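Colleague: Provided herewith is a single structure, encoded as structure tokens, for subsequent inquiry.
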Amino acid sequence: MIRRAWTAWVEALSARESATSLALLRIGMGVGVLLNVGSVVAHRLVPMVWLQPEDGGLRTLDHGPWLVALLGGPSPEVVWPLILGALVGGALLVVGIGGRWASVLALVCTVNVVNINGHAGGSYDELLTNGLWINVLGSGHRTLSVTARLSTGTWWPAARVPAFPRWLAIWQLVLMYCATGLQKLSIHWVPGGDASALYYIMQQPTWQRVDMRFVAWVYPLTQGGTIVTWFYEVLSPLWLLALVWAAWPERAGRCGRIANRIGLRWWFFGIGIVLHVLIFVTMEVGPFTFLSLAYYVAAVHPWEWDELREAPASVRATA
Amino acid sequence: MIWKHVRGVLVALHLFVVTFMALPSASGGMNRRAWADPTVQTEFAAWSARLRSYGVDVTPPELEETMWSFATSYEGVRNAVLKPFRPYLRITGTSQSWKMFVAPHRFPSRMEIDIDRGAGFETVFVERSGTYDWMRTWFDHDRMRSVVFRYGWPHYGAARKEFANWVAERAAQDFPGATRVRVSFLSYRTPSPDEVRAGIRPVENRELVEIRKLANERPPP
């Protein structure tokens with residue numbers, strides 16, 4: 001039994017598929033690095049958040065993450081080159097030059113910069129660095145890249161790569177949703193309460209884009225949003241299952257067939273986009289919305305993306 | 001062939017550690033002063049009432065003690081399990097902390113900065129204000145929002161003092177005539193929807209006050 005399960009696991013990890021979804025994830029994470037690190041540079045905030053008080057910092061920082069510590073601590077001579085490395089790595093990921101080494105550069109520099117000051121970060125940092133690590137494991141550079149264009153003569157060649165990194169990305173996305181949902185234990189979140197969590201969160205000045213008192217007049221909508229958000233997050237593992245069922249419909253049981261018939265995975269996909277867009281419109285949470293949605297590209301199976309590539313050819317054939 | 005099995009082990013370990021680390025945790029919030037915050041106390045009172053309605057007779061202080069005791073034990077086990085994986089999580093950036101809006105802050109605070117030019121304090125910055133907007137470009141950035149949010153909690157005292165020093169340096173440059181700067185947090189209970197519709201404004205209490213003399217920040221003439 002265990003031996004059979006292990007063999008199945010090893011074989012599953014050997015599966016290969018089109019590189020398109022991973023390539024889109026690579027591009028998304030590259031843009032994510034540019035947005036995340038670049039916005040701090042553009043706002044001239046680097047000294048405040050990532051340097052010591054004698055260099056303009058807000059507070060005394062410790063020795064910093066592993067590479068920063070190895071190089072002697074968060075001084076300008078250490079931090080600025082790392083920022084440059086992150087931005088270069090991010091740009092290389094976007095255009096698809098450097099293969100896995102671009103991912104390693106972006107990951108090492110980004111992890112070491114964004115974790116210098118634990119008071120000045122957010123969950124988007126972890127979402128980004130997790131995505132960069134998946135890029136290191138994956139081969140998203142094999143298509144939709146300058147490298148692909150140079151080696152094959154086409155921007156979007158039909159490269160086949162190991163599939164498991166894409167499933168790691170899906171796992172990560174669902175893990176984030178489920179973990180945050182399970183921790184929403186406030187009486188204002190959980191079913192049976194007043195479902196007022198979103199209303200009160202929107203009133204919190206920290207994350208507001210604008211004064212949100214007006215939502216008092218549409219309070220029932222915020223209650224509906226609270227309920228939808230909580231169930232969406234807690235039930236998000238169903239999204240993972242729905243994606244598995246959609247990928248292997250021949251192995252789907254009764255539940256899987258129903259999920260495929262009603263398009264369950266697209267419901268999660270669509271509701272998630274709506275929730276993230278609403279968060280983006282009402283709250284300033286940095287690149288969190290963009291990074292979350294950047295993971296969504298992995299939740300579209302690569303053969304579905306590839307249908308877009310085939311479409312022009314079929315249109316031409318019909319004509 | 002061996003590589004396939006090695007990869008199988010490594011991917012399984014990755015999945016285990018990221019999933020285990022993502023499980024609900026109170027790490028970062030294990031602080032008695034933070035638990036004394038009105039927002040947290042309101043949660044204990046509400047949960048205690050709900051549990052009593054289910055027939056579980058527990059007072060808010062008893063519930064808090066039980067939760068503290070459970071969380072302490074749980075965090076101990078969690079830390080022990082994660083300890084060997086910490087280097088992997090640090091180097092690969094695969095930490096998992098997804099405590100996002102786990103509870104609405106019913107008693108939030110709004111940072112205010114005032115300067116004194118000799119005639120008492122005058123306001124130069126209020127969070128999210130379009131009128132008092134000194135350094136707003138910086139304070140509106142998501143990373144600075146994260147900083148200011150933390151310093152509105154009592155247990156960030158040491159960092160808040162350093163932050164006030166930083167504000168004083170800036171104020172000394174930008175307001176040459178000012179003698180003092182005050183950094184404080186105006187805490188209040190968020191009005192309910194009914195109260196907002198009725199036009200009731202929250203009563204604010206000035207807390208966590210830090211005052212700096214700006215003469216200390218300027219070079220001697």
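Each chain of the structure tokens is named A, B, ... in the order shown, its residues numbered from 1; ligands are numbered from 1 in display order.
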Set the cut-off to 7 Å and count only C-alpha atoms: what are the residues of chain B that reach chain A? Output as a PyMOL selection string.
Modeller: chain B and resi 4-5+8+19+22-24+43+46-47+92-100+102-106+108+110+127-128+138+142-147+149+159+162-163+166+193+196-197
Colleague: Can I get the selected residues back with N, CA and C atoms, as a tab-separated table (two decimals), in the first residue's frame?
Modeller:
```
chain	number	residue	atom	x	y	z
B	4	LYS	N	14.79	10.59	-8.85
B	4	LYS	CA	13.32	10.70	-8.76
B	4	LYS	C	12.85	10.52	-7.33
B	5	HIS	N	13.46	9.58	-6.63
B	5	HIS	CA	13.06	9.32	-5.24
B	5	HIS	C	13.53	10.45	-4.33
B	8	GLY	N	11.22	13.16	-4.80
B	8	GLY	CA	9.97	12.84	-4.11
B	8	GLY	C	10.04	13.17	-2.64
B	19	THR	N	3.03	23.59	4.87
B	19	THR	CA	1.66	23.40	5.35
B	19	THR	C	1.62	23.49	6.87
B	22	ALA	N	1.95	26.98	8.04
B	22	ALA	CA	0.80	27.83	7.74
B	22	ALA	C	-0.38	27.59	8.68
B	23	LEU	N	-0.34	26.49	9.45
B	23	LEU	CA	-1.45	26.20	10.35
B	23	LEU	C	-1.64	27.37	11.33
B	24	PRO	N	-2.87	27.59	11.78
B	24	PRO	CA	-3.13	28.73	12.66
B	24	PRO	C	-2.13	28.81	13.81
B	43	GLU	N	-13.25	40.57	22.03
B	43	GLU	CA	-13.39	39.25	21.43
B	43	GLU	C	-13.62	38.18	22.51
B	46	ALA	N	-17.13	38.45	23.77
B	46	ALA	CA	-18.13	37.97	22.80
B	46	ALA	C	-18.11	36.44	22.71
B	47	TRP	N	-16.90	35.85	22.71
B	47	TRP	CA	-16.80	34.39	22.62
B	47	TRP	C	-17.30	33.72	23.90
B	92	THR	N	15.13	30.02	1.48
B	92	THR	CA	14.28	29.93	0.28
B	92	THR	C	13.10	30.90	0.32
B	93	GLY	N	12.94	31.61	1.41
B	93	GLY	CA	11.85	32.58	1.50
B	93	GLY	C	10.48	31.93	1.52
B	94	THR	N	10.41	30.73	2.09
B	94	THR	CA	9.13	29.99	2.05
B	94	THR	C	8.38	30.02	3.39
B	95	SER	N	8.68	31.01	4.23
B	95	SER	CA	7.92	31.14	5.48
B	95	SER	C	6.44	31.35	5.17
B	96	GLN	N	5.61	30.99	6.13
B	96	GLN	CA	4.17	31.07	5.94
B	96	GLN	C	3.55	31.78	7.14
B	97	SER	N	3.10	32.98	6.92
B	97	SER	CA	2.41	33.70	8.00
B	97	SER	C	1.23	34.42	7.38
B	98	TRP	N	0.08	33.85	7.53
B	98	TRP	CA	-1.08	34.36	6.80
B	98	TRP	C	-2.14	34.90	7.76
B	99	LYS	N	-1.68	35.65	8.76
B	99	LYS	CA	-2.65	36.25	9.70
B	99	LYS	C	-3.13	37.58	9.11
B	100	MET	N	-3.96	37.48	8.10
B	100	MET	CA	-4.40	38.69	7.41
B	100	MET	C	-5.81	39.06	7.85
B	102	VAL	N	-7.30	38.95	10.66
B	102	VAL	CA	-7.94	37.84	11.38
B	102	VAL	C	-9.05	38.34	12.30
B	103	ALA	N	-8.94	39.61	12.70
B	103	ALA	CA	-10.01	40.21	13.51
B	103	ALA	C	-10.01	41.71	13.24
B	104	PRO	N	-11.18	42.28	13.08
B	104	PRO	CA	-11.21	43.73	12.87
B	104	PRO	C	-10.77	44.45	14.15
B	105	HIS	N	-10.00	45.50	13.97
B	105	HIS	CA	-9.52	46.27	15.11
B	105	HIS	C	-10.65	47.21	15.53
B	106	ARG	N	-11.41	46.81	16.55
B	106	ARG	CA	-12.56	47.61	16.97
B	106	ARG	C	-12.15	48.90	17.66
B	108	PRO	N	-9.19	50.99	17.00
B	108	PRO	CA	-7.96	51.36	16.29
B	108	PRO	C	-7.42	52.70	16.78
B	110	ARG	N	-5.20	56.36	15.40
B	110	ARG	CA	-4.80	57.18	14.25
B	110	ARG	C	-3.60	58.01	14.70
B	127	GLU	N	-3.04	60.65	10.18
B	127	GLU	CA	-3.19	59.55	9.22
B	127	GLU	C	-4.43	59.72	8.36
B	128	ARG	N	-4.25	59.57	7.07
B	128	ARG	CA	-5.29	59.61	6.04
B	128	ARG	C	-5.98	60.97	5.94
B	138	TRP	N	5.17	59.57	2.22
B	138	TRP	CA	5.84	58.43	2.85
B	138	TRP	C	4.87	57.61	3.70
B	142	ASP	N	2.53	51.53	1.66
B	142	ASP	CA	2.07	50.35	2.43
B	142	ASP	C	3.06	49.92	3.51
B	143	ARG	N	4.37	50.06	3.25
B	143	ARG	CA	5.34	49.63	4.28
B	143	ARG	C	5.31	50.57	5.48
B	144	MET	N	5.11	51.86	5.24
B	144	MET	CA	5.03	52.79	6.37
B	144	MET	C	3.69	52.62	7.11
B	145	ARG	N	2.65	52.26	6.38
B	145	ARG	CA	1.38	51.97	7.05
B	145	ARG	C	1.56	50.81	8.02
B	146	SER	N	2.33	49.82	7.57
B	146	SER	CA	2.58	48.65	8.41
B	146	SER	C	3.34	49.07	9.68
B	147	VAL	N	4.32	49.95	9.51
B	147	VAL	CA	5.10	50.45	10.65
B	147	VAL	C	4.19	51.18	11.63
B	149	PHE	N	0.98	51.14	11.96
B	149	PHE	CA	-0.02	50.26	12.57
B	149	PHE	C	0.55	49.58	13.81
B	159	ALA	N	10.46	50.59	19.92
B	159	ALA	CA	10.49	50.99	18.50
B	159	ALA	C	9.78	52.33	18.32
B	162	GLU	N	12.11	55.18	19.13
B	162	GLU	CA	13.06	55.43	18.05
B	162	GLU	C	12.37	56.12	16.87
B	163	PHE	N	11.14	55.70	16.62
B	163	PHE	CA	10.37	56.31	15.54
B	163	PHE	C	10.16	57.81	15.83
B	166	TRP	N	13.18	59.71	14.99
B	166	TRP	CA	13.28	59.90	13.54
B	166	TRP	C	12.36	61.05	13.09
B	193	PRO	N	-22.39	50.91	12.30
B	193	PRO	CA	-23.09	51.49	11.15
B	193	PRO	C	-24.23	52.43	11.58
B	196	VAL	N	-22.77	55.72	12.74
B	196	VAL	CA	-22.28	56.54	11.61
B	196	VAL	C	-23.46	57.21	10.92
B	197	ARG	N	-24.51	56.42	10.69
B	197	ARG	CA	-25.67	56.99	9.99
B	197	ARG	C	-26.34	58.09	10.82
```
Colleague: Going by DSSP on the backbone, which bits of segment 155-247 of chain A are helix (DSSP H, G or I)? Write them as an NGL selection string, please.
Modeller: :A and (164-182 or 197-203 or 213-234 or 237-247)
Colleague: Neighbouring residues of Val95 of chain A were defined as those with any atom within 7 Å, considering only C-alpha atoms; residues of the same chain fewer than 2 positions away were excluded. Please report them as a list of chain:residue names.
Modeller: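 Contacts, in chain order: A:Ala91, A:Leu92, A:Leu93, A:Ile97, A:Ser145, A:Val146.
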Colleague: Would you compute the distance between atom CA of Glu122 of chain B and atom CA of Ile211 of chain B? Give it in Å to one decimal.
Modeller: 13.2 Å
Colleague: Please list as a ChimeraX atom specification every residue within 7 Å of segment 259-272 of chain A, counting only C-alpha atoms and excluding residues in the same chain fewer than 6 positions away.
Modeller: /A:239,242-243,245-246
Colleague: Between atom CA of Gly38 of chain A and atom CA of Ile116 of chain A, measure the distance and give it in Å to one decimal.
Modeller: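 Straight-line distance from atom CA of Gly38 of chain A to atom CA of Ile116 of chain A works out to 15.7 Å.
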Colleague: Can you work out the spacing between atom CA of Arg166 of chain A and atom CA of Leu308 of chain A in Å, to one decimal?
Modeller: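 These two atoms are separated by 19.0 Å.
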Colleague: So which residues touch Met111 of chain B within 9 Å, counting only C-alpha atoms, skipping near sequence neighbours fewer than 5 positions away, as a ChimeraX atom specification?
Modeller: /B:125-127,148-149,151-152,183-187
Colleague: Sorted by chain and rising residue number, list the residues of segment 158-266 of chain A at most 7 Å from segment 17-29 of chain A (counting only C-alpha atoms), each with its closest atom pair and distance in Å to one decimal, as CSV.
Modeller:
```
residue,atom,partner,partner_atom,distance
A:Ala158,CA,A:Ser18,CA,6.4
A:Ala159,CA,A:Ala19,CA,5.7
A:Arg160,CA,A:Ser18,CA,4.5
A:Val161,CA,A:Glu17,CA,5.6
A:Pro162,CA,A:Glu17,CA,6.4
A:Ala163,CA,A:Glu17,CA,5.5
A:Arg166,CA,A:Leu22,CA,6.1
```
Colleague: Those same residues - C-alpha atoms - I'd like them written as an mmCIF file, in the first residue's frame.
Modeller:
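Wrote out06.cif, looks like this:
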```cif
data_model
loop_
_atom_site.group_PDB
_atom_site.id
_atom_site.type_symbol
_atom_site.label_atom_id
_atom_site.label_comp_id
_atom_site.auth_asym_id
_atom_site.auth_seq_id
_atom_site.Cartn_x
_atom_site.Cartn_y
_atom_site.Cartn_z
ATOM 1 C CA ALA A 158 5.557 24.436 -27.170
ATOM 2 C CA ALA A 159 8.121 23.560 -24.495
ATOM 3 C CA ARG A 160 7.370 20.741 -22.067
ATOM 4 C CA VAL A 161 8.633 20.987 -18.504
ATOM 5 C CA PRO A 162 8.077 19.237 -15.138
ATOM 6 C CA ALA A 163 4.531 19.922 -13.960
ATOM 7 C CA ARG A 166 2.897 24.564 -11.079
#
```
Colleague: Identify, with DSSP run on backbone atoms, the residues in segment 50-286 of chain A assigned to strand (DSSP E or B), and express the list as a PyMOL selection string.
Modeller: chain A and resi 160-162+208+283
